[in-house]
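A.B. asks: Provided herewith is a single structure, encoded as structure tokens, for subsequent inquiry.
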Amino acid sequence: MIYFSGNKNRQPGILLMRIAICLIFLLMTPLNQALAGTLSGQITYSGKAPAAKITKTGRYAKACGPEIVSQSLIIENKGVKNAVVWITGKDAKKLDKTPGEYVLNQENCRYSPHVIAMSVESELEINSGDPFNHNIHTFSFDNDPINIMFMPGMSHEQEFDEPEVIKVECDLHGWMEAWIVVTANSFFATTGADGTYEIPGLPPGKYTVNAWHEVLGTMTQKIKIAEDDLEVNFGFPKVSAEVLEK
């Protein structure tokens, strides 16, 4: 009798405690975060992918290999690698922007990674690991451009404050190219080898989804996010040979 009586006395207290913990957790979690959805999809190219451009490295072959294969258009089973997807629109002005730290390396006569996406106010660290000089040159208009001679082992940090798609080149090695995509908020993604992307935690709202690729161009689609997940795919059609050769 004592055992059951004591258990009955404890049960209401335990239940109330659990309810209180749940209420505290809900109050600490923003409503838009609790109802956030995941935006995902795939970027595809329906045209015939041309053979990648190959450049001979000449006197740099010992350090960089005899040839460099272009990364400007990488297709796997129609999936487009290195496309960038990001969110804009009226409701996007309320989205969080979380600056981060990113790294762009100059190694073996290549930029790595080939495409970097980051939110505004993020910092980019540029390193050079090759045993000879490079000249990093960014073609930017809304952000301060970079045009620096890099000696072996040199490093440079720079912050990007405005949304912009920026091309990067090395003036000493014409085959070296990369891209920096600066977005207005932290809701962006870069596609993997199969062309897929995922942007989690997107609060409810009406947005524009932007899909960009350095060769194929830009496509947009208007969406509405509720608390459910949403799949948005982009299919780039065949483009002219002149565009692919640029």
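Convention: chains lettered A, B, ... in structure tokens order; per-chain residue numbering from 1; ligands numbered from 1 as shown.
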As a list in words, please: every residue in stretch 27-238 of chain A that a backbone DSSP assignment puts in alpha helix (DSSP H).

C.D. replies: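 Alpha helix (DSSP H) assignments inside stretch 27-238 of chain A correspond to Leu27, Met28, Leu31, Asn32, Gln33, Ala34, Ala61, Lys62, Ala63 and Cys64 of chain A.
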
A.B. asks: Taking 6 positions as the minimum chain separation for residues in the same chain, which residues sit within 9 Å of stretch 209-223 of chain A when counting only C-alpha atoms? Answer as a list in words.

C.D. replies: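 The contact residues come out as Ile43, Tyr45, Ser72, Leu73, Val80, Lys81, Asn82, Ala83, Val84, Val85, Trp86, Ile87, Thr88, Gly89, Trp179, Leu230, Val232, Phe234, Gly235, Phe236, Pro237, Lys238, Val239, Val243, Leu244, Glu245 and Lys246 of chain A.
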
A.B. asks: Please produce a file of the residues just selected, as a PDB file, in the first residue's frame, where the atoms kept are N, CA and C atoms.

C.D. replies:
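Output below, filename result-v1.pdb:
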ATOM      1  N   ILE A  43      20.376  20.003 -60.229  1.00  0.00           N
ATOM      2  CA  ILE A  43      20.644  20.821 -61.397  1.00  0.00           C
ATOM      3  C   ILE A  43      21.125  19.886 -62.506  1.00  0.00           C
ATOM      4  N   TYR A  45      21.745  19.139 -66.964  1.00  0.00           N
ATOM      5  CA  TYR A  45      22.008  19.693 -68.290  1.00  0.00           C
ATOM      6  C   TYR A  45      21.593  18.658 -69.318  1.00  0.00           C
ATOM      7  N   SER A  72      35.329  23.809 -65.930  1.00  0.00           N
ATOM      8  CA  SER A  72      34.252  24.766 -66.170  1.00  0.00           C
ATOM      9  C   SER A  72      32.897  24.110 -66.384  1.00  0.00           C
ATOM     10  N   LEU A  73      32.863  22.872 -66.877  1.00  0.00           N
ATOM     11  CA  LEU A  73      31.594  22.174 -67.065  1.00  0.00           C
ATOM     12  C   LEU A  73      31.801  20.691 -66.791  1.00  0.00           C
ATOM     13  N   VAL A  80      24.859  18.486 -62.882  1.00  0.00           N
ATOM     14  CA  VAL A  80      25.837  19.550 -63.062  1.00  0.00           C
ATOM     15  C   VAL A  80      26.560  19.830 -61.743  1.00  0.00           C
ATOM     16  N   LYS A  81      27.862  19.626 -61.742  1.00  0.00           N
ATOM     17  CA  LYS A  81      28.674  19.920 -60.559  1.00  0.00           C
ATOM     18  C   LYS A  81      29.044  21.399 -60.529  1.00  0.00           C
ATOM     19  N   ASN A  82      29.229  21.930 -59.320  1.00  0.00           N
ATOM     20  CA  ASN A  82      29.706  23.305 -59.096  1.00  0.00           C
ATOM     21  C   ASN A  82      28.706  24.374 -59.520  1.00  0.00           C
ATOM     22  N   ALA A  83      27.419  24.039 -59.560  1.00  0.00           N
ATOM     23  CA  ALA A  83      26.398  25.075 -59.681  1.00  0.00           C
ATOM     24  C   ALA A  83      26.093  25.595 -58.276  1.00  0.00           C
ATOM     25  N   VAL A  84      25.679  26.839 -58.185  1.00  0.00           N
ATOM     26  CA  VAL A  84      25.364  27.437 -56.885  1.00  0.00           C
ATOM     27  C   VAL A  84      23.890  27.817 -56.849  1.00  0.00           C
ATOM     28  N   VAL A  85      23.226  27.468 -55.750  1.00  0.00           N
ATOM     29  CA  VAL A  85      21.808  27.772 -55.553  1.00  0.00           C
ATOM     30  C   VAL A  85      21.689  28.665 -54.325  1.00  0.00           C
ATOM     31  N   TRP A  86      20.955  29.772 -54.449  1.00  0.00           N
ATOM     32  CA  TRP A  86      20.775  30.644 -53.286  1.00  0.00           C
ATOM     33  C   TRP A  86      19.398  31.299 -53.319  1.00  0.00           C
ATOM     34  N   ILE A  87      19.038  31.913 -52.189  1.00  0.00           N
ATOM     35  CA  ILE A  87      17.690  32.446 -51.968  1.00  0.00           C
ATOM     36  C   ILE A  87      17.702  33.970 -51.977  1.00  0.00           C
ATOM     37  N   THR A  88      16.763  34.559 -52.743  1.00  0.00           N
ATOM     38  CA  THR A  88      16.538  36.002 -52.726  1.00  0.00           C
ATOM     39  C   THR A  88      15.036  36.258 -52.621  1.00  0.00           C
ATOM     40  N   GLY A  89      14.624  37.519 -52.730  1.00  0.00           N
ATOM     41  CA  GLY A  89      13.214  37.880 -52.657  1.00  0.00           C
ATOM     42  C   GLY A  89      12.914  38.749 -51.449  1.00  0.00           C
ATOM     43  N   TRP A 179      35.664  30.699 -59.160  1.00  0.00           N
ATOM     44  CA  TRP A 179      34.532  31.611 -58.984  1.00  0.00           C
ATOM     45  C   TRP A 179      34.199  31.734 -57.498  1.00  0.00           C
ATOM     46  N   LEU A 230      10.587  20.977 -49.576  1.00  0.00           N
ATOM     47  CA  LEU A 230      10.223  21.296 -50.958  1.00  0.00           C
ATOM     48  C   LEU A 230      11.364  20.902 -51.883  1.00  0.00           C
ATOM     49  N   VAL A 232      12.968  21.462 -55.626  1.00  0.00           N
ATOM     50  CA  VAL A 232      12.991  22.332 -56.799  1.00  0.00           C
ATOM     51  C   VAL A 232      14.161  21.930 -57.682  1.00  0.00           C
ATOM     52  N   PHE A 234      16.243  22.219 -61.499  1.00  0.00           N
ATOM     53  CA  PHE A 234      16.496  23.101 -62.625  1.00  0.00           C
ATOM     54  C   PHE A 234      17.138  22.301 -63.743  1.00  0.00           C
ATOM     55  N   GLY A 235      16.586  22.423 -64.949  1.00  0.00           N
ATOM     56  CA  GLY A 235      17.150  21.728 -66.094  1.00  0.00           C
ATOM     57  C   GLY A 235      17.640  22.722 -67.138  1.00  0.00           C
ATOM     58  N   PHE A 236      18.946  22.818 -67.297  1.00  0.00           N
ATOM     59  CA  PHE A 236      19.497  23.710 -68.311  1.00  0.00           C
ATOM     60  C   PHE A 236      19.418  23.032 -69.673  1.00  0.00           C
ATOM     61  N   PRO A 237      18.920  23.734 -70.688  1.00  0.00           N
ATOM     62  CA  PRO A 237      18.835  23.146 -72.022  1.00  0.00           C
ATOM     63  C   PRO A 237      20.185  23.209 -72.728  1.00  0.00           C
ATOM     64  N   LYS A 238      20.199  22.693 -73.931  1.00  0.00           N
ATOM     65  CA  LYS A 238      21.414  22.734 -74.734  1.00  0.00           C
ATOM     66  C   LYS A 238      21.781  24.181 -75.040  1.00  0.00           C
ATOM     67  N   VAL A 239      23.070  24.508 -74.912  1.00  0.00           N
ATOM     68  CA  VAL A 239      23.543  25.855 -75.232  1.00  0.00           C
ATOM     69  C   VAL A 239      24.464  25.778 -76.438  1.00  0.00           C
ATOM     70  N   VAL A 243      29.044  29.517 -76.597  1.00  0.00           N
ATOM     71  CA  VAL A 243      28.980  29.733 -75.163  1.00  0.00           C
ATOM     72  C   VAL A 243      29.906  28.762 -74.448  1.00  0.00           C
ATOM     73  N   LEU A 244      29.900  27.506 -74.861  1.00  0.00           N
ATOM     74  CA  LEU A 244      30.720  26.494 -74.210  1.00  0.00           C
ATOM     75  C   LEU A 244      32.209  26.748 -74.376  1.00  0.00           C
ATOM     76  N   GLU A 245      32.592  27.434 -75.430  1.00  0.00           N
ATOM     77  CA  GLU A 245      33.998  27.696 -75.692  1.00  0.00           C
ATOM     78  C   GLU A 245      34.524  28.898 -74.920  1.00  0.00           C
ATOM     79  N   LYS A 246      33.658  29.679 -74.322  1.00  0.00           N
ATOM     80  CA  LYS A 246      34.099  30.864 -73.586  1.00  0.00           C
ATOM     81  C   LYS A 246      34.845  30.477 -72.325  1.00  0.00           C
TER      82      LYS A 246
END

A.B. asks: Please determine, counting only C-alpha atoms, which residue among A:Ile75, A:Cys170, A:Leu39, A:Ile68 has the shortest atom-to-atom distance to A:Ala189.

C.D. replies: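 Using only C-alpha atoms, A:Ala189 sits closest to A:Leu39.
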
A.B. asks: Which residue, A:Val182, A:Pro204, A:Phe188, A:Val69, has the smallest gap to A:Val165 when you use only C-alpha atoms?

C.D. replies: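 Nearest candidate to A:Val165 out of A:Val182, A:Pro204, A:Phe188, A:Val69: A:Val182.
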
A.B. asks: For A:Ser140, find every residue with an atom within 9 Å (counting only C-alpha atoms), except residues of its own chain fewer than 5 positions away, and show them as a VMD selection string.

C.D. replies: chain A and resid 145 to 146 164 to 168
